[in-house]
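Q: Have a peek at data_25.cif (mmCIF, C-alpha atoms).
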data_protein
#
loop_
_atom_site.group_PDB
_atom_site.id
_atom_site.type_symbol
_atom_site.label_atom_id
_atom_site.label_comp_id
_atom_site.auth_asym_id
_atom_site.auth_seq_id
_atom_site.Cartn_x
_atom_site.Cartn_y
_atom_site.Cartn_z
ATOM 1 C CA MET A 1 6.817 7.937 3.580
ATOM 2 C CA THR A 2 5.630 8.195 -0.015
ATOM 3 C CA HIS A 3 6.504 5.565 -2.585
ATOM 4 C CA PRO A 4 5.870 5.887 -6.357
ATOM 5 C CA TYR A 5 4.073 2.569 -6.757
ATOM 6 C CA LEU A 6 2.153 2.600 -3.468
ATOM 7 C CA ALA A 7 0.930 6.063 -4.431
ATOM 8 C CA THR A 8 -0.863 4.596 -7.465
ATOM 9 C CA LEU A 9 -2.820 2.425 -5.009
ATOM 10 C CA GLY A 10 -3.641 5.379 -2.730
ATOM 11 C CA MET A 11 -1.231 4.156 -0.066
ATOM 12 C CA CYS A 12 1.989 5.146 1.691
ATOM 13 C CA PHE A 13 4.435 3.485 4.100
ATOM 14 C CA ASN A 14 4.660 4.099 7.861
ATOM 15 C CA THR A 15 8.271 3.609 8.955
ATOM 16 C CA PHE A 16 7.417 3.287 12.668
ATOM 17 C CA LEU A 17 4.824 0.542 12.224
ATOM 18 C CA GLY A 18 6.593 -1.038 9.258
ATOM 19 C CA LEU A 19 3.183 -1.343 7.600
ATOM 20 C CA VAL A 20 1.453 0.169 4.595
ATOM 21 C CA ILE A 21 -1.180 2.839 5.306
ATOM 22 C CA CYS A 22 -4.321 3.092 3.176
ATOM 23 C CA LEU A 23 -5.013 6.814 2.913
ATOM 24 C CA ASP A 24 -8.605 6.271 1.915
ATOM 25 C CA CYS A 25 -9.715 4.514 5.108
ATOM 26 C CA GLY A 26 -6.833 5.079 7.551
ATOM 27 C CA ALA A 27 -5.889 1.424 8.017
ATOM 28 C CA ALA A 28 -2.460 -0.158 8.520
ATOM 29 C CA ILE A 29 -1.971 -3.212 6.319
ATOM 30 C CA GLY A 30 0.591 -6.009 6.192
ATOM 31 C CA GLY A 31 2.347 -6.699 2.905
ATOM 32 C CA GLN A 32 0.473 -9.889 2.072
ATOM 33 C CA SER A 33 -2.903 -8.293 2.843
ATOM 34 C CA ILE A 34 -2.726 -5.355 0.429
ATOM 35 C CA GLU A 35 -4.482 -7.099 -2.454
ATOM 36 C CA THR A 36 -7.201 -8.472 -0.163
ATOM 37 C CA HIS A 37 -7.748 -5.032 1.365
ATOM 38 C CA LEU A 38 -8.170 -3.372 -2.027
ATOM 39 C CA HIS A 39 -10.510 -6.080 -3.267
ATOM 40 C CA VAL A 40 -12.668 -6.534 -0.142
ATOM 41 C CA ILE A 41 -12.764 -3.022 1.360
ATOM 42 C CA HIS A 42 -12.522 -0.884 -1.766
ATOM 43 C CA LYS A 43 -13.961 -3.309 -4.333
ATOM 44 C CA GLU A 44 -10.954 -2.880 -6.618
ATOM 45 C CA GLU A 45 -10.336 -5.466 -9.308
ATOM 46 C CA SER A 46 -7.120 -7.473 -8.972
ATOM 47 C CA PHE A 47 -5.980 -6.687 -12.523
ATOM 48 C CA ARG A 48 -5.184 -3.127 -11.452
ATOM 49 C CA ILE A 49 -2.306 -4.399 -9.334
ATOM 50 C CA ASP A 50 1.103 -4.830 -10.899
ATOM 51 C CA HIS A 51 2.130 -7.906 -8.906
ATOM 52 C CA ILE A 52 5.809 -7.689 -9.860
ATOM 53 C CA LYS A 53 6.091 -4.044 -8.813
ATOM 54 C CA LEU A 54 4.143 -4.662 -5.624
ATOM 55 C CA LYS A 55 6.376 -7.583 -4.651
ATOM 56 C CA GLN A 56 9.525 -5.542 -5.289
ATOM 57 C CA THR A 57 8.106 -2.620 -3.299
ATOM 58 C CA LEU A 58 7.425 -4.864 -0.298
ATOM 59 C CA VAL A 59 11.006 -6.129 -0.451
ATOM 60 C CA ASP A 60 12.527 -2.657 -0.863
ATOM 61 C CA LEU A 61 10.586 -1.209 2.072
ATOM 62 C CA GLN A 62 10.825 -4.387 4.175
ATOM 63 C CA VAL A 63 7.102 -4.251 4.895
ATOM 64 C CA LYS A 64 6.035 -6.334 7.898
ATOM 65 C CA GLU A 65 2.962 -8.529 8.155
ATOM 66 C CA SER A 66 1.856 -7.232 11.566
ATOM 67 C CA PHE A 67 2.763 -4.918 14.441
ATOM 68 C CA ASP A 68 2.809 -5.914 18.107
ATOM 69 C CA LEU A 69 0.937 -3.257 20.107
ATOM 70 C CA THR A 70 3.099 -4.025 23.150
ATOM 71 C CA ASN A 71 5.907 -2.242 21.287
ATOM 72 C CA LEU A 72 4.070 1.068 21.478
ATOM 73 C CA PRO A 73 5.658 3.666 23.799
ATOM 74 C CA PRO A 74 3.939 4.299 27.187
ATOM 75 C CA ASN A 75 2.615 7.711 26.127
ATOM 76 C CA CYS A 76 1.988 7.039 22.474
ATOM 77 C CA HIS A 77 1.359 10.077 20.328
ATOM 78 C CA GLN A 78 -1.193 9.977 17.540
ATOM 79 C CA ILE A 79 0.082 7.964 14.564
ATOM 80 C CA GLU A 80 -0.413 9.937 11.371
ATOM 81 C CA GLY A 81 -2.622 8.320 8.778
ATOM 82 C CA LEU A 82 -4.413 5.896 11.095
ATOM 83 C CA HIS A 83 -8.130 6.240 11.754
ATOM 84 C CA LEU A 84 -8.674 8.303 14.940
ATOM 85 C CA SER A 85 -11.529 7.857 17.400
ATOM 86 C CA SER A 86 -11.963 10.814 19.755
ATOM 87 C CA ASP A 87 -14.903 9.198 21.556
ATOM 88 C CA ALA A 88 -13.650 5.807 22.783
ATOM 89 C CA TYR A 89 -14.251 4.382 26.271
ATOM 90 C CA LEU A 90 -11.735 3.074 28.815
ATOM 91 C CA CYS A 91 -12.387 0.219 31.241
ATOM 92 C CA SER A 92 -11.249 1.359 34.711
ATOM 93 C CA ILE A 93 -10.494 -2.211 35.793
ATOM 94 C CA CYS A 94 -8.322 -3.618 32.979
ATOM 95 C CA GLN A 95 -7.698 -0.516 30.830
ATOM 96 C CA HIS A 96 -9.355 -2.171 27.860
ATOM 97 C CA ILE A 97 -10.731 0.265 25.267
ATOM 98 C CA ARG A 98 -13.902 -0.031 23.205
ATOM 99 C CA GLY A 99 -15.250 2.266 20.516
ATOM 100 C CA THR A 100 -18.834 2.661 21.771
ATOM 101 C CA LEU A 101 -20.616 2.891 25.107
ATOM 102 C CA LEU A 102 -22.670 -0.216 24.350
ATOM 103 C CA SER A 103 -19.509 -2.167 23.537
ATOM 104 C CA ILE A 104 -17.654 -1.177 26.727
ATOM 105 C CA LYS A 105 -20.700 -2.149 28.808
ATOM 106 C CA ARG A 106 -20.824 -5.511 27.037
ATOM 107 C CA HIS A 107 -17.105 -5.946 27.813
ATOM 108 C CA HIS A 108 -17.745 -5.243 31.514
ATOM 109 C CA LEU A 109 -20.610 -7.719 31.727
ATOM 110 C CA THR A 110 -18.531 -10.425 30.035
ATOM 111 C CA THR A 111 -15.132 -9.883 31.671
ATOM 112 C CA HIS A 112 -15.944 -8.257 35.024
ATOM 113 C CA SER A 113 -19.337 -9.743 35.843
ATOM 114 C CA THR A 114 -18.568 -9.848 39.587
ATOM 115 C CA SER A 115 -17.998 -6.087 39.731
ATOM 116 C CA PRO A 116 -20.821 -3.531 39.723
ATOM 117 C CA MET A 117 -21.461 -1.706 36.473
ATOM 118 C CA PRO A 118 -19.816 1.753 36.589
ATOM 119 C CA ILE A 119 -22.118 4.761 36.573
ATOM 120 C CA SER A 120 -19.779 6.738 34.289
ATOM 121 C CA TRP A 121 -17.015 5.880 31.877
ATOM 122 C CA THR A 122 -13.729 7.570 31.009
ATOM 123 C CA ARG A 123 -13.560 8.810 27.432
ATOM 124 C CA VAL A 124 -10.216 8.643 25.662
ATOM 125 C CA VAL A 125 -8.721 9.336 22.235
ATOM 126 C CA ALA A 126 -7.717 6.056 20.610
ATOM 127 C CA GLN A 127 -6.620 4.493 17.358
ATOM 128 C CA GLN A 128 -6.689 1.073 15.715
ATOM 129 C CA LEU A 129 -4.346 -0.494 13.219
ATOM 130 C CA HIS A 130 -7.256 -1.599 11.041
ATOM 131 C CA HIS A 131 -10.704 -0.418 12.148
ATOM 132 C CA HIS A 132 -12.454 -2.317 9.351
ATOM 133 C CA ASN A 133 -11.142 -5.555 10.864
ATOM 134 C CA HIS A 134 -12.152 -4.486 14.394
ATOM 135 C CA SER A 135 -8.566 -4.593 15.678
ATOM 136 C CA SER A 136 -7.751 -3.615 19.266
ATOM 137 C CA TYR A 137 -7.834 0.031 20.308
ATOM 138 C CA PHE A 138 -4.843 1.749 21.899
ATOM 139 C CA GLN A 139 -4.868 5.104 23.656
ATOM 140 C CA VAL A 140 -2.940 7.966 22.053
ATOM 141 C CA ILE A 141 -2.085 11.574 22.784
ATOM 142 C CA PRO A 142 -3.779 13.629 20.048
ATOM 143 C CA LYS A 143 -2.124 16.445 18.193
ATOM 144 C CA ASP A 144 -2.812 19.971 19.469
ATOM 145 C CA THR A 145 -4.872 20.467 16.327
ATOM 146 C CA PRO A 146 -7.033 17.421 15.584
ATOM 147 C CA SER A 147 -5.753 15.634 12.521
ATOM 148 C CA ASP A 148 -7.956 15.510 9.465
ATOM 149 C CA ASN A 149 -7.522 12.500 7.204
ATOM 150 C CA ASN A 150 -8.486 14.697 4.267
ATOM 151 C CA ASP A 151 -5.614 17.075 5.110
ATOM 152 C CA ILE A 152 -3.198 14.161 5.355
ATOM 153 C CA THR A 153 -4.361 12.818 2.016
ATOM 154 C CA THR A 154 -4.149 16.272 0.426
ATOM 155 C CA GLN A 155 -0.570 16.782 1.582
ATOM 156 C CA PHE A 156 0.324 13.300 0.379
ATOM 157 C CA PHE A 157 -0.938 13.956 -3.126
ATOM 158 C CA ILE A 158 0.638 17.422 -3.222
ATOM 159 C CA SER A 159 3.964 15.711 -2.551
ATOM 160 C CA LEU A 160 3.140 13.054 -5.139
ATOM 161 C CA ASN A 161 2.317 15.729 -7.720
ATOM 162 C CA LYS A 162 5.671 17.446 -7.106
ATOM 163 C CA ASN A 163 7.440 14.135 -7.765
ATOM 164 C CA ARG A 164 5.350 13.660 -10.915
ATOM 165 C CA GLN A 165 6.234 17.132 -12.186
ATOM 166 C CA LYS A 166 9.916 16.431 -11.545
ATOM 167 C CA ALA A 167 9.705 13.108 -13.431
ATOM 168 C CA VAL A 168 8.121 14.884 -16.390
ATOM 169 C CA ALA A 169 10.626 17.759 -16.283
ATOM 170 C CA ASP A 170 13.602 15.379 -16.190
ATOM 171 C CA TYR A 171 12.315 13.125 -18.965
ATOM 172 C CA ASP A 172 14.271 13.218 -22.223
ATOM 173 C CA ILE A 173 11.587 14.301 -24.672
ATOM 174 C CA SER A 174 13.871 13.501 -27.607
ATOM 175 C CA LYS A 175 12.954 9.839 -27.051
ATOM 176 C CA ILE A 176 9.519 10.557 -28.521
ATOM 177 C CA ASP A 177 9.187 10.432 -32.302
ATOM 178 C CA PRO A 178 7.684 13.840 -33.219
ATOM 179 C CA ARG A 179 5.952 12.307 -36.263
ATOM 180 C CA GLN A 180 3.852 10.165 -33.907
ATOM 181 C CA VAL A 181 2.556 13.177 -31.982
ATOM 182 C CA SER A 182 -0.737 14.548 -33.275
ATOM 183 C CA VAL A 183 -1.727 18.198 -33.243
ATOM 184 C CA TRP A 184 -4.164 17.455 -30.445
ATOM 185 C CA LEU A 185 -1.387 15.993 -28.275
ATOM 186 C CA LYS A 186 0.833 18.971 -29.041
ATOM 187 C CA ILE A 187 -1.889 21.180 -27.602
ATOM 188 C CA THR A 188 -2.753 19.104 -24.525
ATOM 189 C CA LYS A 189 0.837 17.940 -23.786
ATOM 190 C CA TRP A 190 -0.572 14.599 -22.567
ATOM 191 C CA HIS A 191 2.176 12.649 -24.307
ATOM 192 C CA VAL A 192 4.767 14.533 -22.250
ATOM 193 C CA LEU A 193 2.896 13.842 -18.983
ATOM 194 C CA VAL A 194 2.564 10.088 -19.476
ATOM 195 C CA ALA A 195 5.866 9.408 -21.257
ATOM 196 C CA PRO A 196 7.931 8.702 -18.070
ATOM 197 C CA TYR A 197 5.449 6.085 -16.835
ATOM 198 C CA ASP A 198 4.560 2.493 -17.669
ATOM 199 C CA HIS A 199 1.756 2.906 -20.198
ATOM 200 C CA ASN A 200 0.274 -0.549 -19.596
ATOM 201 C CA HIS A 201 -0.113 0.238 -15.902
ATOM 202 C CA LEU A 202 -1.724 3.604 -16.663
ATOM 203 C CA LEU A 203 -4.201 1.866 -18.947
ATOM 204 C CA SER A 204 -5.054 -0.647 -16.225
ATOM 205 C CA LEU A 205 -6.016 2.211 -13.895
ATOM 206 C CA VAL A 206 -8.720 3.419 -16.278
ATOM 207 C CA LYS A 207 -11.974 1.556 -15.845
ATOM 208 C CA MET A 208 -15.698 2.184 -15.666
ATOM 209 C CA PRO A 209 -17.138 2.657 -12.144
ATOM 210 C CA ILE A 210 -18.877 -0.295 -10.544
ATOM 211 C CA LYS A 211 -22.645 -0.189 -9.930
ATOM 212 C CA SER A 212 -22.229 0.570 -6.225
ATOM 213 C CA GLU A 213 -20.292 3.750 -7.048
ATOM 214 C CA THR A 214 -23.419 5.729 -7.919
ATOM 215 C CA MET A 215 -21.767 9.140 -7.657
ATOM 216 C CA LEU A 216 -19.079 8.133 -10.144
ATOM 217 C CA GLU A 217 -21.751 6.871 -12.532
ATOM 218 C CA ILE A 218 -23.444 10.267 -12.337
ATOM 219 C CA LEU A 219 -20.091 11.975 -12.923
ATOM 220 C CA ALA A 220 -19.386 9.753 -15.934
ATOM 221 C CA LYS A 221 -22.729 10.689 -17.496
ATOM 222 C CA ALA A 222 -22.102 14.375 -16.799
ATOM 223 C CA VAL A 223 -18.638 14.278 -18.380
ATOM 224 C CA ASN A 224 -19.977 12.420 -21.414
ATOM 225 C CA SER A 225 -22.797 14.947 -21.831
ATOM 226 C CA TYR A 226 -20.395 17.860 -21.476
ATOM 227 C CA THR A 227 -17.990 16.345 -24.022
ATOM 228 C CA LEU A 228 -20.736 15.846 -26.607
ATOM 229 C CA LYS A 229 -21.950 19.402 -26.109
ATOM 230 C CA ALA A 230 -18.402 20.771 -26.365
ATOM 231 C CA ASP A 231 -17.772 18.856 -29.614
ATOM 232 C CA ARG A 232 -20.873 20.387 -31.195
ATOM 233 C CA ALA A 233 -19.939 23.860 -29.962
ATOM 234 C CA ILE A 234 -16.431 23.911 -31.450
ATOM 235 C CA ASP A 235 -16.985 24.622 -35.117
ATOM 236 C CA THR A 236 -13.240 24.692 -35.789
ATOM 237 C CA LEU A 237 -12.636 21.168 -34.531
ATOM 238 C CA SER A 238 -12.631 19.642 -38.018
ATOM 239 C CA ASN A 239 -10.141 22.241 -39.230
ATOM 240 C CA LEU A 240 -7.877 21.493 -36.284
ATOM 241 C CA ALA A 241 -7.955 17.766 -37.049
ATOM 242 C CA LEU A 242 -6.988 18.411 -40.690
ATOM 243 C CA ARG A 243 -3.850 20.387 -39.845
ATOM 244 C CA ILE A 244 -0.670 18.821 -41.243
ATOM 245 C CA LEU A 245 2.426 18.185 -39.155
ATOM 246 C CA ASN A 246 5.489 20.105 -40.216
ATOM 247 C CA SER A 247 7.757 17.148 -39.509
ATOM 248 C CA PRO A 248 8.971 15.116 -42.523
ATOM 249 C CA GLU A 249 6.731 12.303 -43.665
ATOM 250 C CA PRO A 250 8.012 8.820 -42.766
ATOM 251 C CA LEU A 251 9.368 6.829 -45.695
#
Let me see whether you can do it: turn the structure in this file into C-alpha coordinates.

A:
Amino acid sequence: MTHPYLATLGMCFNTFLGLVICLDCGAAIGGQSIETHLHVIHKEESFRIDHIKLKQTLVDLQVKESFDLTNLPPNCHQIEGLHLSSDAYLCSICQHIRGTLLSIKRHHLTTHSTSPMPISWTRVVAQQLHHHNHSSYFQVIPKDTPSDNNDITTQFFISLNKNRQKAVADYDISKIDPRQVSVWLKITKWHVLVAPYDHNHLLSLVKMPIKSETMLEILAKAVNSYTLKADRAIDTLSNLALRILNSPEPL
(Lines of atoms letter the chains of each structure in order from A and count residues from 1; the text may use other names and numbers.)
(Lines give C-alpha, C1' and ligand atoms only; values in the text may rest on other atoms or scores of the structure.)
Protein backbone atom coordinates (compact mmCIF):
# COMPACT_ATOMS: atom_id res chain seq x y z
CA MET A 1 0.00 0.00 0.00
CA THR A 2 1.48 3.33 -1.07
CA HIS A 3 1.24 6.40 1.12
CA PRO A 4 2.18 9.95 0.02
CA TYR A 5 4.46 10.70 2.96
CA LEU A 6 6.03 7.25 3.32
CA ALA A 7 6.84 7.44 -0.39
CA THR A 8 9.11 10.45 0.26
CA LEU A 9 11.10 8.18 2.60
CA GLY A 10 11.28 5.35 0.04
CA MET A 11 8.82 3.25 2.03
CA CYS A 12 5.33 1.75 1.78
CA PHE A 13 2.92 -0.03 4.15
CA ASN A 14 2.25 -3.78 4.28
CA THR A 15 -1.34 -4.33 5.40
CA PHE A 16 -0.81 -8.01 6.31
CA LEU A 17 2.17 -7.41 8.59
CA GLY A 18 0.94 -4.02 9.79
CA LEU A 19 4.50 -2.76 9.36
CA VAL A 20 6.28 -0.30 7.11
CA ILE A 21 8.43 -1.77 4.32
CA CYS A 22 11.70 -0.11 3.30
CA LEU A 23 11.88 -0.58 -0.46
CA ASP A 24 15.59 0.05 -0.56
CA CYS A 25 16.62 -2.90 1.62
CA GLY A 26 13.47 -5.04 1.88
CA ALA A 27 13.01 -4.75 5.64
CA ALA A 28 9.80 -4.55 7.69
CA ILE A 29 9.97 -1.81 10.32
CA GLY A 30 7.85 -0.89 13.33
CA GLY A 31 6.53 2.65 13.60
CA GLN A 32 8.91 3.79 16.33
CA SER A 33 11.94 2.35 14.50
CA ILE A 34 11.58 4.23 11.21
CA GLU A 35 13.84 7.13 12.16
CA THR A 36 16.49 4.80 13.60
CA HIS A 37 16.39 2.65 10.46
CA LEU A 38 16.90 5.63 8.16
CA HIS A 39 19.71 7.02 10.28
CA VAL A 40 21.60 3.79 11.05
CA ILE A 41 21.05 1.70 7.89
CA HIS A 42 20.82 4.42 5.25
CA LYS A 43 22.82 7.17 6.96
CA GLU A 44 20.02 9.69 6.48
CA GLU A 45 20.04 12.84 8.57
CA SER A 46 17.12 13.25 10.98
CA PHE A 47 16.23 16.72 9.69
CA ARG A 48 14.84 15.16 6.51
CA ILE A 49 11.98 13.65 8.50
CA ASP A 50 8.83 15.67 9.04
CA HIS A 51 8.06 14.38 12.54
CA ILE A 52 4.50 15.72 12.59
CA LYS A 53 3.60 14.10 9.27
CA LEU A 54 5.30 10.85 10.23
CA LYS A 55 3.42 10.68 13.53
CA GLN A 56 0.09 11.33 11.80
CA THR A 57 0.89 8.71 9.16
CA LEU A 58 1.58 6.08 11.82
CA VAL A 59 -1.75 6.88 13.46
CA ASP A 60 -3.70 6.86 10.19
CA LEU A 61 -2.28 3.51 9.09
CA GLN A 62 -2.27 2.03 12.61
CA VAL A 63 1.31 0.86 12.16
CA LYS A 64 2.37 -1.85 14.63
CA GLU A 65 5.68 -2.09 16.44
CA SER A 66 6.25 -5.78 15.68
CA PHE A 67 4.76 -8.88 14.08
CA ASP A 68 4.50 -12.29 15.74
CA LEU A 69 5.77 -14.93 13.30
CA THR A 70 3.46 -17.51 14.88
CA ASN A 71 0.62 -15.66 13.13
CA LEU A 72 1.94 -16.64 9.72
CA PRO A 73 -0.21 -19.17 7.81
CA PRO A 74 1.06 -22.79 7.62
CA ASN A 75 1.99 -22.51 3.94
CA CYS A 76 3.05 -18.90 3.83
CA HIS A 77 3.45 -17.40 0.39
CA GLN A 78 6.25 -14.97 -0.34
CA ILE A 79 5.57 -11.55 1.22
CA GLU A 80 6.09 -8.83 -1.37
CA GLY A 81 8.74 -6.29 -0.54
CA LEU A 82 10.62 -8.35 2.04
CA HIS A 83 14.17 -9.50 1.38
CA LEU A 84 14.11 -13.04 -0.10
CA SER A 85 16.75 -15.71 0.45
CA SER A 86 16.53 -18.58 -2.05
CA ASP A 87 19.48 -20.41 -0.49
CA ALA A 88 18.61 -20.88 3.20
CA TYR A 89 19.06 -24.11 5.17
CA LEU A 90 16.52 -26.07 7.22
CA CYS A 91 17.33 -28.02 10.38
CA SER A 92 15.71 -31.48 10.06
CA ILE A 93 15.37 -31.82 13.83
CA CYS A 94 13.70 -28.57 14.94
CA GLN A 95 12.86 -26.93 11.59
CA HIS A 96 15.01 -23.94 12.44
CA ILE A 97 16.27 -21.99 9.42
CA ARG A 98 19.64 -20.31 8.94
CA GLY A 99 20.90 -18.24 6.03
CA THR A 100 24.26 -19.97 5.45
CA LEU A 101 25.66 -23.48 5.63
CA LEU A 102 28.19 -22.45 8.27
CA SER A 103 25.43 -20.94 10.40
CA ILE A 104 23.16 -24.01 10.26
CA LYS A 105 26.09 -26.24 11.23
CA ARG A 106 26.86 -23.94 14.16
CA HIS A 107 23.18 -24.18 15.18
CA HIS A 108 23.35 -27.99 15.11
CA LEU A 109 26.51 -28.12 17.21
CA THR A 110 25.00 -25.75 19.79
CA THR A 111 21.42 -27.03 19.98
CA HIS A 112 21.66 -30.69 18.92
CA SER A 113 25.14 -31.64 20.11
CA THR A 114 24.03 -35.19 21.01
CA SER A 115 22.93 -35.91 17.44
CA PRO A 116 25.35 -36.69 14.61
CA MET A 117 26.04 -33.90 12.14
CA PRO A 118 23.92 -34.41 8.99
CA ILE A 119 25.76 -35.20 5.77
CA SER A 120 23.40 -33.02 3.70
CA TRP A 121 21.03 -30.18 4.42
CA THR A 122 17.64 -29.23 3.01
CA ARG A 123 17.64 -25.93 1.15
CA VAL A 124 14.54 -23.77 1.39
CA VAL A 125 13.31 -20.35 0.25
CA ALA A 126 12.94 -18.08 3.26
CA GLN A 127 12.39 -14.50 4.31
CA GLN A 128 13.10 -12.31 7.33
CA LEU A 129 11.25 -9.31 8.67
CA HIS A 130 14.49 -7.34 8.99
CA HIS A 131 17.61 -9.05 7.63
CA HIS A 132 19.87 -6.20 8.74
CA ASN A 133 18.89 -6.96 12.34
CA HIS A 134 19.39 -10.71 11.84
CA SER A 135 15.75 -11.52 12.62
CA SER A 136 14.46 -15.09 12.44
CA TYR A 137 13.93 -16.75 9.07
CA PHE A 138 10.59 -18.25 8.05
CA GLN A 139 9.97 -20.55 5.11
CA VAL A 140 7.82 -19.24 2.25
CA ILE A 141 6.40 -20.48 -1.02
CA PRO A 142 8.04 -18.36 -3.75
CA LYS A 143 6.19 -16.84 -6.64
CA ASP A 144 6.25 -18.78 -9.92
CA THR A 145 8.52 -16.04 -11.24
CA PRO A 146 11.15 -15.05 -8.67
CA SER A 147 10.43 -11.59 -7.35
CA ASP A 148 12.92 -8.85 -8.07
CA ASN A 149 13.13 -6.06 -5.51
CA ASN A 150 14.06 -3.69 -8.31
CA ASP A 151 10.81 -4.58 -10.13
CA ILE A 152 8.82 -4.02 -6.95
CA THR A 153 10.48 -0.67 -6.41
CA THR A 154 9.93 0.32 -10.04
CA GLN A 155 6.22 -0.47 -9.89
CA PHE A 156 5.95 1.42 -6.61
CA PHE A 157 7.44 4.58 -8.06
CA ILE A 158 5.41 4.26 -11.27
CA SER A 159 2.31 4.30 -9.07
CA LEU A 160 3.75 7.19 -7.07
CA ASN A 161 4.43 9.15 -10.26
CA LYS A 162 0.82 8.66 -11.41
CA ASN A 163 -0.39 10.09 -8.09
CA ARG A 164 2.04 13.00 -8.47
CA GLN A 165 0.80 13.75 -11.99
CA LYS A 166 -2.79 13.69 -10.74
CA ALA A 167 -1.93 16.08 -7.88
CA VAL A 168 -0.33 18.48 -10.36
CA ALA A 169 -3.22 18.18 -12.84
CA ASP A 170 -5.82 18.86 -10.14
CA TYR A 171 -3.97 21.80 -8.62
CA ASP A 172 -5.59 25.21 -9.08
CA ILE A 173 -2.86 27.09 -10.92
CA SER A 174 -4.72 30.38 -10.41
CA LYS A 175 -3.35 30.35 -6.85
CA ILE A 176 0.08 31.25 -8.24
CA ASP A 177 0.79 34.93 -8.87
CA PRO A 178 1.88 35.06 -12.55
CA ARG A 179 4.09 38.09 -11.83
CA GLN A 180 6.24 35.90 -9.56
CA VAL A 181 6.90 33.34 -12.29
CA SER A 182 10.08 33.97 -14.27
CA VAL A 183 10.54 33.19 -17.94
CA TRP A 184 12.77 30.29 -16.99
CA LEU A 185 10.03 28.75 -14.82
CA LYS A 186 7.50 29.26 -17.59
CA ILE A 187 9.73 27.14 -19.81
CA THR A 188 10.57 24.39 -17.31
CA LYS A 189 7.13 24.30 -15.60
CA TRP A 190 8.87 23.51 -12.29
CA HIS A 191 6.61 25.88 -10.38
CA VAL A 192 3.59 23.86 -11.52
CA LEU A 193 5.21 20.56 -10.46
CA VAL A 194 6.12 21.65 -6.93
CA ALA A 195 3.13 23.91 -6.20
CA PRO A 196 0.89 21.17 -4.67
CA TYR A 197 3.59 20.11 -2.19
CA ASP A 198 5.05 21.44 1.05
CA HIS A 199 8.00 23.50 -0.17
CA ASN A 200 9.89 23.33 3.14
CA HIS A 201 9.80 19.54 3.01
CA LEU A 202 10.99 19.50 -0.60
CA LEU A 203 13.89 21.74 0.36
CA SER A 204 14.82 19.41 3.22
CA LEU A 205 15.14 16.52 0.75
CA VAL A 206 17.87 18.32 -1.20
CA LYS A 207 21.29 17.82 0.30
CA MET A 208 24.86 17.09 -0.73
CA PRO A 209 25.87 13.39 -0.70
CA ILE A 210 27.84 12.13 2.27
CA LYS A 211 31.48 11.05 1.82
CA SER A 212 30.61 7.35 1.83
CA GLU A 213 28.33 7.84 -1.19
CA THR A 214 31.21 7.97 -3.67
CA MET A 215 29.08 7.32 -6.74
CA LEU A 216 26.81 10.25 -5.90
CA GLU A 217 29.86 12.48 -5.44
CA ILE A 218 31.03 11.50 -8.92
CA LEU A 219 27.54 12.18 -10.29
CA ALA A 220 27.45 15.60 -8.60
CA LYS A 221 30.76 16.56 -10.21
CA ALA A 222 29.56 15.31 -13.60
CA VAL A 223 26.31 17.29 -13.38
CA ASN A 224 28.19 20.42 -12.30
CA SER A 225 30.65 20.05 -15.18
CA TYR A 226 27.84 19.49 -17.66
CA THR A 227 25.93 22.53 -16.37
CA LEU A 228 28.95 24.81 -16.70
CA LYS A 229 29.60 23.56 -20.22
CA ALA A 230 25.94 24.01 -21.18
CA ASP A 231 25.90 27.59 -19.84
CA ARG A 232 28.89 28.49 -22.01
CA ALA A 233 27.36 26.80 -25.05
CA ILE A 234 24.04 28.67 -24.95
CA ASP A 235 24.84 32.07 -26.40
CA THR A 236 21.21 33.16 -26.14
CA LEU A 237 20.99 32.62 -22.40
CA SER A 238 21.54 36.29 -21.56
CA ASN A 239 18.83 37.32 -24.02
CA LEU A 240 16.42 34.85 -22.47
CA ALA A 241 17.10 36.23 -18.99
CA LEU A 242 16.41 39.79 -20.18
CA ARG A 243 12.96 39.01 -21.57
CA ILE A 244 10.18 41.03 -19.92
CA LEU A 245 7.02 39.47 -18.53
CA ASN A 246 3.83 40.55 -20.23
CA SER A 247 1.95 40.64 -16.94
CA PRO A 248 1.33 44.08 -15.38
CA GLU A 249 4.04 45.42 -13.12
CA PRO A 250 3.18 45.29 -9.40
CA LEU A 251 2.41 48.67 -7.85

Q: For the atom pair CA of His3 (chain A) and CA of Leu61 (chain A), what is the interatomic distance in Å to one decimal place?

A: 9.2 Å

Q: What separation in Å, quoted to one decimal, exists between CA of Asn14 (chain A) and CA of Leu82 (chain A)?

A: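 Taking CA of Asn14 (chain A) as the start and CA of Leu82 (chain A) as the end point, the length is 9.8 Å.
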
Q: Rounded to one decimal in Å, what is the spacing between CA of Asp87 (chain A) and CA of Thr100 (chain A)?

A: 7.6 Å

Q: Counting only C-alpha atoms, find the residues whose atoms lie at most 10 Å from (4.8, 2.6, 11.0) (file coordinates) and write them out as a list in words.

A: Met1, Phe13, Asn14, Thr15, Phe16, Leu17, Gly18, Leu19, Val20, Ile21, Ala28, Val63, Lys64, Phe67, Ile79, Glu80, Gly81, Leu82 and Leu129 of chain A

Q: With only C-alpha atoms as the atoms that count, which of A:Pro4, A:Pro73, A:Pro196, A:Pro116 lies nearest to Thr57 (chain A)?

A: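 Once distances to Thr57 (chain A) are computed over only C-alpha atoms, the minimum belongs to A:Pro4.
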
Q: Closest to His134 (chain A) among A:Ala27, A:Leu38, A:Leu72, A:Leu219, using all atoms listed in the file?

A: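 With all atoms listed in the file as the atom set, the closest residue is A:Ala27.
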
Q: Show me the residues around (3.2, 4.5, -9.5) - criterion: an atom at most 12 Å away, all atoms listed in the file counted - as a PyMOL selection string.

A: chain A and resi 2-12+48-50+53-54+57+160-161+163-164+167+194+196-202+204-205

Q: Which residue is closest to Thr111 (chain A)? Choose from A:Val124, A:Ala220, A:Cys76, A:Ile93 and count all atoms listed in the file.

A: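 Selected residue with least distance to Thr111 (chain A): A:Ile93.
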